[in-house]
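**Q** Structure file run_14.cif, mmCIF, C-alpha atoms, is pasted below:
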data_work
#
loop_
_atom_site.group_PDB
_atom_site.id
_atom_site.type_symbol
_atom_site.label_atom_id
_atom_site.label_comp_id
_atom_site.auth_asym_id
_atom_site.auth_seq_id
_atom_site.Cartn_x
_atom_site.Cartn_y
_atom_site.Cartn_z
ATOM 1 C CA MET A 1 0.000 0.000 0.000
ATOM 2 C CA GLN A 2 2.835 2.434 0.870
ATOM 3 C CA PHE A 3 4.509 1.539 -2.430
ATOM 4 C CA GLN A 4 1.376 2.405 -4.399
ATOM 5 C CA ILE A 5 1.011 5.770 -2.650
ATOM 6 C CA LEU A 6 4.686 6.517 -3.365
ATOM 7 C CA ILE A 7 4.202 5.732 -7.059
ATOM 8 C CA ASN A 8 1.128 7.920 -7.088
ATOM 9 C CA ILE A 9 3.015 10.876 -5.574
ATOM 10 C CA VAL A 10 5.914 10.401 -8.017
ATOM 11 C CA ILE A 11 3.447 10.454 -10.937
ATOM 12 C CA ALA A 12 1.953 13.657 -9.560
ATOM 13 C CA PHE A 13 5.444 15.257 -9.392
ATOM 14 C CA ILE A 14 6.239 14.174 -12.957
ATOM 15 C CA TRP A 15 2.926 15.683 -14.020
ATOM 16 C CA MET A 16 3.912 18.952 -12.325
ATOM 17 C CA LEU A 17 7.276 18.960 -14.130
ATOM 18 C CA LEU A 18 5.614 18.248 -17.484
ATOM 19 C CA GLN A 19 3.124 21.055 -16.977
ATOM 20 C CA ASN A 20 5.890 23.349 -15.671
ATOM 21 C CA ASN A 21 3.429 24.576 -13.081
ATOM 22 C CA PHE A 22 4.114 23.974 -9.392
ATOM 23 C CA SER A 23 0.814 24.809 -7.711
ATOM 24 C CA GLY A 24 -1.345 22.670 -5.456
ATOM 25 C CA VAL A 25 -4.017 22.387 -8.127
ATOM 26 C CA THR A 26 -1.580 20.883 -10.644
ATOM 27 C CA PHE A 27 -0.423 18.427 -7.992
ATOM 28 C CA ALA A 28 -4.031 17.425 -7.339
ATOM 29 C CA ILE A 29 -4.692 16.901 -11.053
ATOM 30 C CA GLY A 30 -1.487 14.867 -11.334
ATOM 31 C CA TYR A 31 -2.537 12.790 -8.344
ATOM 32 C CA ILE A 32 -5.891 12.045 -9.960
ATOM 33 C CA VAL A 33 -4.145 11.092 -13.214
ATOM 34 C CA GLY A 34 -1.852 8.812 -11.190
ATOM 35 C CA LEU A 35 -4.889 7.221 -9.551
ATOM 36 C CA GLY A 36 -6.331 6.521 -12.986
ATOM 37 C CA MET A 37 -3.053 4.965 -14.156
ATOM 38 C CA LEU A 38 -2.825 2.793 -11.045
ATOM 39 C CA TRP A 39 -6.415 1.746 -11.532
ATOM 40 C CA LEU A 40 -5.714 0.668 -15.103
ATOM 41 C CA MET A 41 -2.656 -1.262 -13.890
ATOM 42 C CA ARG A 42 -4.404 -2.770 -10.887
ATOM 43 C CA ARG A 43 -4.120 -6.366 -12.121
ATOM 44 C CA PHE A 44 -0.320 -6.115 -12.167
ATOM 45 C CA LEU A 45 -0.110 -4.912 -8.564
ATOM 46 C CA ARG A 46 0.832 -7.417 -5.906
ATOM 47 C CA GLU A 47 -1.623 -5.959 -3.378
ATOM 48 C CA SER A 48 -5.125 -4.759 -4.107
ATOM 49 C CA PHE A 49 -5.642 -1.197 -5.298
ATOM 50 C CA TYR A 50 -5.190 1.046 -2.262
ATOM 51 C CA PHE A 51 -7.862 3.578 -3.164
ATOM 52 C CA ARG A 52 -10.510 0.938 -2.448
ATOM 53 C CA ARG A 53 -9.592 1.311 1.214
ATOM 54 C CA VAL A 54 -9.900 5.089 0.996
ATOM 55 C CA ILE A 55 -13.410 4.675 -0.402
ATOM 56 C CA ALA A 56 -14.246 2.209 2.390
ATOM 57 C CA PHE A 57 -12.958 4.747 4.914
ATOM 58 C CA VAL A 58 -15.123 7.507 3.463
ATOM 59 C CA LYS A 59 -18.085 5.106 3.669
ATOM 60 C CA LEU A 60 -17.269 4.458 7.340
ATOM 61 C CA LEU A 61 -17.166 8.212 7.945
ATOM 62 C CA GLY A 62 -20.544 8.662 6.250
ATOM 63 C CA LEU A 63 -22.079 5.833 8.268
ATOM 64 C CA PHE A 64 -20.690 7.385 11.444
ATOM 65 C CA ILE A 65 -22.110 10.855 10.738
ATOM 66 C CA TYR A 66 -25.488 9.336 9.870
ATOM 67 C CA LYS A 67 -25.513 7.320 13.114
ATOM 68 C CA LEU A 68 -24.341 10.342 15.104
ATOM 69 C CA ILE A 69 -27.282 12.464 13.991
ATOM 70 C CA LEU A 70 -29.799 9.616 14.331
ATOM 71 C CA ALA A 71 -28.673 8.690 17.825
ATOM 72 C CA ASN A 72 -28.490 12.297 18.982
ATOM 73 C CA TYR A 73 -32.129 12.608 18.053
ATOM 74 C CA ASP A 74 -32.937 9.517 20.153
ATOM 75 C CA VAL A 75 -31.089 10.812 23.218
ATOM 76 C CA ILE A 76 -32.704 14.238 22.924
ATOM 77 C CA LYS A 77 -36.102 12.550 22.797
ATOM 78 C CA ILE A 78 -35.250 10.828 26.083
ATOM 79 C CA ILE A 79 -33.982 14.053 27.652
ATOM 80 C CA VAL A 80 -37.025 16.183 26.857
ATOM 81 C CA LYS A 81 -39.580 13.509 27.779
ATOM 82 C CA PRO A 82 -41.282 14.605 31.016
ATOM 83 C CA LYS A 83 -41.225 11.091 32.469
ATOM 84 C CA MET A 84 -37.994 9.189 32.196
ATOM 85 C CA ASP A 85 -38.800 5.564 31.392
ATOM 86 C CA ILE A 86 -35.408 4.305 30.294
ATOM 87 C CA GLN A 87 -33.800 0.916 30.854
ATOM 88 C CA PRO A 88 -30.058 1.476 31.080
ATOM 89 C CA GLY A 89 -27.734 -1.487 31.261
ATOM 90 C CA ILE A 90 -24.238 -2.776 30.661
ATOM 91 C CA ILE A 91 -23.924 -5.306 27.854
ATOM 92 C CA ALA A 92 -20.964 -7.435 26.831
ATOM 93 C CA VAL A 93 -20.278 -7.249 23.104
ATOM 94 C CA PRO A 94 -17.853 -9.791 21.629
ATOM 95 C CA THR A 95 -15.783 -8.560 18.701
ATOM 96 C CA LYS A 96 -13.974 -10.249 15.835
ATOM 97 C CA LEU A 97 -11.496 -7.431 15.351
ATOM 98 C CA LYS A 98 -7.864 -8.420 15.916
ATOM 99 C CA SER A 99 -5.469 -5.504 16.083
ATOM 100 C CA GLU A 100 -5.385 -2.938 18.878
ATOM 101 C CA TRP A 101 -5.850 -0.161 16.347
ATOM 102 C CA GLU A 102 -9.123 -1.610 15.023
ATOM 103 C CA LYS A 103 -10.466 -2.186 18.512
ATOM 104 C CA THR A 104 -9.605 1.349 19.598
ATOM 105 C CA LEU A 105 -11.410 2.700 16.542
ATOM 106 C CA LEU A 106 -14.479 0.565 17.269
ATOM 107 C CA ALA A 107 -14.560 1.608 20.940
ATOM 108 C CA ASN A 108 -14.256 5.294 20.037
ATOM 109 C CA LEU A 109 -16.957 5.100 17.382
ATOM 110 C CA ILE A 110 -19.288 3.374 19.832
ATOM 111 C CA SER A 111 -18.551 6.003 22.465
ATOM 112 C CA LEU A 112 -19.187 8.875 20.065
ATOM 113 C CA THR A 113 -22.574 7.545 18.990
ATOM 114 C CA PRO A 114 -24.980 8.729 21.658
ATOM 115 C CA GLY A 115 -26.829 6.122 23.687
ATOM 116 C CA THR A 116 -23.840 3.810 23.879
ATOM 117 C CA LEU A 117 -20.595 4.240 25.805
ATOM 118 C CA THR A 118 -17.608 1.909 25.929
ATOM 119 C CA MET A 119 -16.742 1.270 29.575
ATOM 120 C CA ASP A 120 -14.172 -1.479 29.737
ATOM 121 C CA PHE A 121 -12.381 -4.237 27.864
ATOM 122 C CA SER A 122 -12.044 -7.827 28.986
ATOM 123 C CA GLU A 123 -8.553 -9.091 29.728
ATOM 124 C CA ASP A 124 -8.042 -10.743 26.329
ATOM 125 C CA GLY A 125 -9.462 -7.699 24.597
ATOM 126 C CA GLN A 126 -12.098 -9.656 22.681
ATOM 127 C CA THR A 127 -15.086 -8.339 24.623
ATOM 128 C CA LEU A 128 -16.201 -4.750 24.966
ATOM 129 C CA PHE A 129 -18.411 -3.687 27.854
ATOM 130 C CA ILE A 130 -20.849 -1.079 26.698
ATOM 131 C CA HIS A 131 -23.159 1.028 28.818
ATOM 132 C CA SER A 132 -26.315 1.690 26.877
ATOM 133 C CA ILE A 133 -28.917 4.186 27.897
ATOM 134 C CA HIS A 134 -31.869 2.185 26.651
ATOM 135 C CA VAL A 135 -31.624 -1.570 26.037
ATOM 136 C CA PRO A 136 -35.027 -3.198 25.702
ATOM 137 C CA ASP A 137 -33.397 -5.965 23.634
ATOM 138 C CA LYS A 138 -29.801 -6.961 24.281
ATOM 139 C CA GLU A 139 -29.335 -9.220 21.253
ATOM 140 C CA GLU A 140 -30.660 -6.522 18.970
ATOM 141 C CA ALA A 141 -28.141 -3.985 20.281
ATOM 142 C CA ILE A 142 -25.217 -6.388 19.844
ATOM 143 C CA ARG A 143 -26.328 -7.317 16.332
ATOM 144 C CA GLU A 144 -26.594 -3.676 15.346
ATOM 145 C CA ILE A 145 -23.018 -2.943 16.411
ATOM 146 C CA HIS A 146 -21.755 -6.001 14.558
ATOM 147 C CA GLU A 147 -23.583 -5.168 11.374
ATOM 148 C CA SER A 148 -22.785 -1.476 11.191
ATOM 149 C CA PHE A 149 -19.477 -0.408 12.677
ATOM 150 C CA GLU A 150 -17.608 -3.691 12.921
ATOM 151 C CA ARG A 151 -18.289 -4.621 9.314
ATOM 152 C CA ALA A 152 -17.367 -1.144 8.052
ATOM 153 C CA ILE A 153 -14.070 -1.236 9.973
ATOM 154 C CA LEU A 154 -13.273 -4.690 8.584
ATOM 155 C CA GLU A 155 -13.809 -3.351 5.080
ATOM 156 C CA VAL A 156 -11.241 -0.612 5.655
ATOM 157 C CA THR A 157 -8.545 -2.790 7.158
ATOM 158 C CA GLU A 158 -8.803 -5.899 5.025
ATOM 159 C CA MET B 1 -28.675 35.787 1.840
ATOM 160 C CA ILE B 2 -28.946 32.018 1.778
ATOM 161 C CA VAL B 3 -25.488 31.414 3.267
ATOM 162 C CA GLU B 4 -26.313 33.511 6.299
ATOM 163 C CA VAL B 5 -29.435 31.451 6.852
ATOM 164 C CA ILE B 6 -27.408 28.232 6.718
ATOM 165 C CA ILE B 7 -24.832 29.644 9.159
ATOM 166 C CA SER B 8 -27.622 30.709 11.515
ATOM 167 C CA ILE B 9 -29.162 27.238 11.373
ATOM 168 C CA PHE B 10 -25.816 25.647 12.302
ATOM 169 C CA LEU B 11 -25.356 28.133 15.176
ATOM 170 C CA LEU B 12 -28.869 27.577 16.476
ATOM 171 C CA LEU B 13 -28.558 23.788 16.234
ATOM 172 C CA GLY B 14 -25.248 23.911 18.096
ATOM 173 C CA GLY B 15 -26.704 26.104 20.813
ATOM 174 C CA ILE B 16 -29.825 23.985 21.236
ATOM 175 C CA LEU B 17 -27.836 20.749 21.372
ATOM 176 C CA SER B 18 -25.449 22.156 23.978
ATOM 177 C CA PHE B 19 -28.391 23.363 26.043
ATOM 178 C CA LEU B 20 -30.175 19.997 25.823
ATOM 179 C CA GLY B 21 -26.945 18.293 26.794
ATOM 180 C CA SER B 22 -26.826 20.390 29.956
ATOM 181 C CA VAL B 23 -30.453 19.540 30.731
ATOM 182 C CA GLY B 24 -29.534 15.881 30.239
ATOM 183 C CA ILE B 25 -26.709 16.157 32.779
ATOM 184 C CA LEU B 26 -29.251 17.368 35.346
ATOM 185 C CA ARG B 27 -31.929 14.820 34.509
ATOM 186 C CA PHE B 28 -30.172 11.469 34.090
ATOM 187 C CA PRO B 29 -30.164 9.308 37.213
ATOM 188 C CA ASP B 30 -26.526 8.175 37.515
ATOM 189 C CA VAL B 31 -22.946 8.955 36.512
ATOM 190 C CA TYR B 32 -23.061 6.762 33.428
ATOM 191 C CA GLY B 33 -26.250 8.296 32.081
ATOM 192 C CA ARG B 34 -24.871 11.762 32.685
ATOM 193 C CA LEU B 35 -21.734 10.912 30.752
ATOM 194 C CA HIS B 36 -23.932 10.148 27.755
ATOM 195 C CA ALA B 37 -25.446 13.610 27.848
ATOM 196 C CA ALA B 38 -22.185 15.377 28.659
ATOM 197 C CA THR B 39 -20.025 13.838 25.956
ATOM 198 C CA LYS B 40 -22.367 13.239 23.028
ATOM 199 C CA SER B 41 -24.948 15.984 22.667
ATOM 200 C CA ALA B 42 -22.248 18.438 23.652
ATOM 201 C CA THR B 43 -19.916 17.040 20.965
ATOM 202 C CA LEU B 44 -22.429 17.594 18.186
ATOM 203 C CA GLY B 45 -23.261 21.003 19.660
ATOM 204 C CA VAL B 46 -19.622 22.106 19.579
ATOM 205 C CA ILE B 47 -19.283 20.788 16.031
ATOM 206 C CA GLY B 48 -22.331 22.764 14.926
ATOM 207 C CA ILE B 49 -20.939 26.017 16.320
ATOM 208 C CA VAL B 50 -17.431 25.412 14.947
ATOM 209 C CA LEU B 51 -18.829 24.552 11.504
ATOM 210 C CA ALA B 52 -20.879 27.749 11.545
ATOM 211 C CA THR B 53 -17.745 29.759 12.388
ATOM 212 C CA PHE B 54 -15.818 27.991 9.642
ATOM 213 C CA LEU B 55 -18.523 28.724 7.055
ATOM 214 C CA TYR B 56 -18.735 32.349 8.177
ATOM 215 C CA PHE B 57 -15.019 32.979 7.651
ATOM 216 C CA LEU B 58 -14.982 30.979 4.429
ATOM 217 C CA VAL B 59 -17.915 32.679 2.725
ATOM 218 C CA ILE B 60 -18.116 36.170 4.219
ATOM 219 C CA HIS B 61 -14.409 36.890 4.738
ATOM 220 C CA ASP B 62 -13.018 34.506 2.119
ATOM 221 C CA LEU B 63 -10.646 32.934 4.645
ATOM 222 C CA PHE B 64 -10.011 29.201 4.906
ATOM 223 C CA VAL B 65 -9.407 28.640 8.622
ATOM 224 C CA GLY B 66 -8.043 25.112 8.866
ATOM 225 C CA LYS B 67 -7.605 25.392 12.636
ATOM 226 C CA LEU B 68 -11.367 25.175 13.093
ATOM 227 C CA LEU B 69 -11.506 21.866 11.219
ATOM 228 C CA LEU B 70 -8.612 20.649 13.352
ATOM 229 C CA GLY B 71 -10.687 21.625 16.389
ATOM 230 C CA ILE B 72 -13.448 19.243 15.264
ATOM 231 C CA VAL B 73 -10.911 16.441 14.813
ATOM 232 C CA PHE B 74 -9.525 16.950 18.304
ATOM 233 C CA VAL B 75 -12.974 17.031 19.900
ATOM 234 C CA PHE B 76 -13.688 13.733 18.138
ATOM 235 C CA LEU B 77 -10.424 12.296 19.449
ATOM 236 C CA THR B 78 -10.667 13.412 23.066
ATOM 237 C CA ALA B 79 -14.370 13.104 23.932
ATOM 238 C CA PRO B 80 -14.681 9.286 23.713
ATOM 239 C CA VAL B 81 -11.377 8.691 25.504
ATOM 240 C CA GLY B 82 -12.412 11.003 28.334
ATOM 241 C CA ALA B 83 -15.813 9.337 28.665
ATOM 242 C CA PHE B 84 -14.178 5.896 28.617
ATOM 243 C CA MET B 85 -11.723 6.767 31.400
ATOM 244 C CA ILE B 86 -14.338 8.454 33.609
ATOM 245 C CA SER B 87 -16.850 5.596 33.341
ATOM 246 C CA ARG B 88 -14.151 2.962 33.859
ATOM 247 C CA ALA B 89 -12.804 4.737 36.935
ATOM 248 C CA ALA B 90 -16.349 5.242 38.260
ATOM 249 C CA TYR B 91 -17.227 1.571 37.891
ATOM 250 C CA ARG B 92 -13.988 0.347 39.433
ATOM 251 C CA THR B 93 -14.325 2.615 42.465
ATOM 252 C CA GLY B 94 -17.858 1.318 43.020
ATOM 253 C CA VAL B 95 -20.132 4.156 41.963
ATOM 254 C CA PRO B 96 -23.586 2.546 42.011
ATOM 255 C CA LEU B 97 -25.731 2.152 38.907
ATOM 256 C CA SER B 98 -29.200 3.666 39.026
ATOM 257 C CA SER B 99 -32.125 1.539 40.168
ATOM 258 C CA MET B 100 -33.548 1.552 36.647
ATOM 259 C CA THR B 101 -30.651 -0.546 35.361
ATOM 260 C CA GLN B 102 -31.845 -3.766 33.719
ATOM 261 C CA GLN B 103 -28.666 -5.780 33.339
ATOM 262 C CA ASP B 104 -25.023 -5.638 34.306
ATOM 263 C CA ASP B 105 -22.721 -7.919 32.342
ATOM 264 C CA LEU B 106 -19.640 -6.228 33.735
ATOM 265 C CA LYS B 107 -20.383 -7.313 37.314
ATOM 266 C CA ALA B 108 -19.808 -11.003 36.604
ATOM 267 C CA PHE B 109 -16.626 -10.172 34.788
ATOM 268 C CA MET B 110 -15.297 -8.028 37.641
ATOM 269 C CA LYS B 111 -16.003 -10.792 40.173
ATOM 270 C CA LYS B 112 -14.067 -13.268 38.079
ATOM 271 C CA ASP B 113 -11.283 -10.740 37.841
ATOM 272 C CA ALA B 114 -11.136 -10.259 41.622
ATOM 273 C CA THR B 115 -10.911 -13.960 42.455
ATOM 274 C CA LYS B 116 -7.980 -14.489 40.110
#
Is it possible to give me this structure as structure tokens?

**A**
Amino acid sequence: MQFQILINIVIAFIWMLLQNNFSGVTFAIGYIVGLGMLWLMRRFLRESFYFRRVIAFVKLLGLFIYKLILANYDVIKIIVKPKMDIQPGIIAVPTKLKSEWEKTLLANLISLTPGTLTMDFSEDGQTLFIHSIHVPDKEEAIREIHESFERAILEVTE
Amino acid sequence: MIVEVIISIFLLLGGILSFLGSVGILRFPDVYGRLHAATKSATLGVIGIVLATFLYFLVIHDLFVGKLLLGIVFVFLTAPVGAFMISRAAYRTGVPLSSMTQQDDLKAFMKKDATK
């Protein structure tokens, strides 16, 4: 992946030299041209095309912003309700993610989405303890985390 | 002007969210519930206000203030870590959960941890 980015930057510099114009815009155009060249050559690369990961990351970001707004609305509904009929609880969520970096990302994303808050890790790091403000159905909450954030993170890192 | 309307909407949203977050801190029953209100609604509130400031300088004064965008990034980085540390410390020092709590998976885990 680093090798591909290096090639891409070199192509952008060559583009700048060919255009004899050393501005940021020319660099950006050269970078895009390099992306196109790498995409055409993707079957000769040893690893998969790195920009696929960038797209997956942007998708993760979009999913996160969508969830952030949705969940904020839910919490605000709870806050302004005259009578507070919530069922808070701590649930254990097992995770498939391996590296520390992925798990940190997952924990932070869970914490930033309102209604859920990462509290602790188990000793082996494969279980997250999450405090949720309203858990009528525990299985449902676990499934939702698995299907949204965990899958999106796996797409970025694999 | 349409841009001014958009900026005002962002400012208002940020203000309202921050206010509701404060109300949440007062209304939730225990530490953990309060952390939800303090770290989340407030985060989106701050982001709304910062985005409004960013748009104002970008459109009205024609200035690209990258520091404001960096501010959003740092709020996103620090808020969850802070909430994580506070709730973890609270649970480990024995701050009780509210009586409304339905389940506590962490309790069994902590007991196992203590007997080791």

**Q** Which value, in Å to one decimal, gives the distance between atom CA of Glu144 of chain A and atom CA of Val93 of chain A?

**A**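 Separation between atom CA of Glu144 of chain A and atom CA of Val93 of chain A: 10.6 Å.
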
**Q** Using 9 Å as the limit and counting all atoms listed in the file, can you tabulate each residue of chain B that touches chain A, with its shortest atom-to-atom distance in Å and the two atoms involved, as a Markdown table?

**A**
| residue | atom | partner | partner_atom | distance |
| --- | --- | --- | --- | --- |
| B:Leu17 | CA | A:Ile76 | CA | 8.3 |
| B:Leu20 | CA | A:Ile76 | CA | 6.9 |
| B:Gly21 | CA | A:Ile76 | CA | 8.0 |
| B:Val23 | CA | A:Ile79 | CA | 7.2 |
| B:Gly24 | CA | A:Ile79 | CA | 5.5 |
| B:Arg27 | CA | A:Ile79 | CA | 7.2 |
| B:Phe28 | CA | A:Ile79 | CA | 7.9 |
| B:Tyr32 | CA | A:His131 | CA | 7.4 |
| B:Gly33 | CA | A:Ile133 | CA | 6.4 |
| B:Leu35 | CA | A:Leu117 | CA | 8.4 |
| B:His36 | CA | A:Pro114 | CA | 6.3 |
| B:Ala37 | CA | A:Val75 | CA | 7.8 |
| B:Thr39 | CA | A:Leu112 | CA | 7.7 |
| B:Lys40 | CA | A:Pro114 | CA | 5.4 |
| B:Ser41 | CA | A:Asn72 | CA | 6.3 |
| B:Thr43 | CA | A:Leu112 | CA | 8.2 |
| B:Leu44 | CA | A:Asn72 | CA | 8.1 |
| B:Phe76 | CA | A:Leu112 | CA | 7.6 |
| B:Leu77 | CA | A:Asn108 | CA | 8.0 |
| B:Ala79 | CA | A:Leu112 | CA | 7.5 |
| B:Pro80 | CA | A:Ser111 | CA | 5.2 |
| B:Val81 | CA | A:Asn108 | CA | 7.1 |
| B:Ala83 | CA | A:Leu117 | CA | 7.6 |
| B:Phe84 | CA | A:Met119 | CA | 5.4 |
| B:Met85 | CA | A:Met119 | CA | 7.7 |
| B:Ile86 | CA | A:Met119 | CA | 8.6 |
| B:Ser87 | CA | A:Met119 | CA | 5.7 |
| B:Arg88 | CA | A:Met119 | CA | 5.3 |
| B:Tyr91 | CA | A:Met119 | CA | 8.3 |
| B:Leu97 | CA | A:Gly89 | CA | 8.7 |
| B:Ser98 | CA | A:Pro88 | CA | 8.3 |
| B:Met100 | CA | A:Gln87 | CA | 5.8 |
| B:Thr101 | CA | A:Pro88 | CA | 4.8 |
| B:Gln102 | CA | A:Gly89 | CA | 5.3 |
| B:Gln103 | CA | A:Gly89 | CA | 4.9 |
| B:Asp104 | CA | A:Ile90 | CA | 4.7 |
| B:Asp105 | CA | A:Ile91 | CA | 5.3 |
| B:Leu106 | CA | A:Ile90 | CA | 6.5 |
| B:Lys107 | CA | A:Ile90 | CA | 8.9 |
| B:Phe109 | CA | A:Ser122 | CA | 7.8 |
| B:Asp113 | CA | A:Glu123 | CA | 8.7 |

**Q** Go ahead and compute the interatomic distance for atom CA of Phe49 of chain A and atom CA of Leu106 of chain A, in Å to one decimal.

**A**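 For atom CA of Phe49 of chain A relative to atom CA of Leu106 of chain A, the distance reads 24.3 Å.
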
**Q** Could you check how far atom CA of Gly82 of chain B sits from atom CA of Ile7 of chain B, in Å to one decimal?

**A**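 Atom-to-atom, atom CA of Gly82 of chain B to atom CA of Ile7 of chain B, that is 29.5 Å.
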
**Q** So which residues get picked by the PyMOL selection byres ((chain A and resi 30-36) around 12) here, written as an MDAnalysis selection string?

**A** chainID A and resid 4:19 21:29 37:42 49:52 54

**Q** Could you tell me which residues the PyMOL selection byres ((chain B and resi 53-70) around 10) returns for this structure, as an MDAnalysis selection string?

**A** chainID B and resid 3:4 6:8 10:11 47:52 71:76

**Q** Got a sec to resolve the PyMOL selection byres ((chain A and resi 53) around 12) on this structure and send the residues as a PyMOL selection string?

**A** chain A and resi 1+47-52+54-60+152-158
